Amino acid sequence: MTDTVNSHPSGSGPGSMTVSVNGEARVLAGPVTLDVLVATLTAAPSGVAAALNETVVPRGRWSDTTLSDGDRVEILTAVQGG
C-alpha cells in the first residue's frame, strides 16, 4: 500500500489535501476514501466507527465516501473492558 497519510501538514503539495483526523491535521496524497484512511490508521476495521464532519458514516458507505480538503474525521475504536 502506498503512503496515503502523512501527519505533517508541511508536506502538502499538488494533488494533496489536509484533513483533521481525531483533531490532528494530516496530509493525504490525492483523493482518498474513508475506508482507505481507516485501514491505514487502524490495525483492523472491526470495532471501528467513523464520522465525517460530525456525521457517523455507516461502514457500508466508507468505500463510497471520498474525503475533501478541510474535512474533519473522527475514528473511534471500541475497547473491551470491565
# chains A, B, ... in the order shown; residues from 1 in each chain; ligands from 1
call {"tool": "select_by_dssp", "arguments": {"residues": "chain A", "states": "helix (DSSP H, G or I)", "output": "number ranges by chain"}}
result
A: 9-11, 34-41, 59-64
call {"tool": "write_last_selection", "arguments": {"atoms": "C-alpha atoms", "output": "compact mmCIF listing (two decimals), in the first residue's frame"}}
result
# COMPACT_ATOMS: atom_id res chain seq x y z
CA PRO A 9 0.87 19.35 7.25
CA SER A 10 4.03 20.93 5.85
CA GLY A 11 4.18 18.07 3.33
CA LEU A 34 -12.82 6.79 4.19
CA ASP A 35 -12.17 3.03 4.06
CA VAL A 36 -8.58 3.60 2.90
CA LEU A 37 -7.97 6.14 5.66
CA VAL A 38 -9.38 3.81 8.34
CA ALA A 39 -7.34 0.86 7.02
CA THR A 40 -4.19 2.99 7.03
CA LEU A 41 -4.66 4.19 10.60
CA ARG A 59 -19.33 1.06 7.37
CA GLY A 60 -21.06 0.07 4.12
CA ARG A 61 -20.60 3.64 2.82
CA TRP A 62 -16.90 4.03 3.70
CA SER A 63 -15.68 2.97 0.24
CA ASP A 64 -18.11 5.44 -1.40
call {"tool": "select_by_dssp", "arguments": {"residues": "chain A", "states": "strand (DSSP E or B)", "output": "MDAnalysis selection string"}}
result
chainID A and resid 5:6 16:21 24:29 33 48:52 55:57 66 72:77
call {"tool": "closest_atom_pairs", "arguments": {"of": "range 21-63 of chain A", "to": "range 74-79 of chain A", "cutoff": "7 Å", "atoms": "only C-alpha atoms", "output": "Markdown table"}}
result
| residue | atom | partner | partner_atom | distance |
| --- | --- | --- | --- | --- |
| A:Val21 | CA | A:Glu74 | CA | 5.7 |
| A:Asn22 | CA | A:Glu74 | CA | 4.8 |
| A:Gly47 | CA | A:Ala78 | CA | 5.2 |
| A:Val48 | CA | A:Thr77 | CA | 4.5 |
| A:Ala49 | CA | A:Leu76 | CA | 5.1 |
| A:Ala50 | CA | A:Ile75 | CA | 4.6 |
| A:Ala51 | CA | A:Glu74 | CA | 5.1 |
| A:Leu52 | CA | A:Glu74 | CA | 6.6 |
call {"tool": "residues_around", "arguments": {"residues": "Asn53 in chain A", "least_positions_apart": "5", "cutoff": "9 Å", "atoms": "only C-alpha atoms", "output": "list in words"}}
result
Asp71, Arg72, Val73 and Glu74 of chain A
call {"tool": "atom_distance", "arguments": {"atom1": "CA of Gly23 in chain A", "atom2": "CA of Pro58 in chain A"}}
result
20.6 Å
call {"tool": "closest_residue", "arguments": {"among": "A:Thr55, A:Thr42, A:Leu67, A:Gln80", "to": "Val27 in chain A", "atoms": "only C-alpha atoms"}}
result
A:Leu67
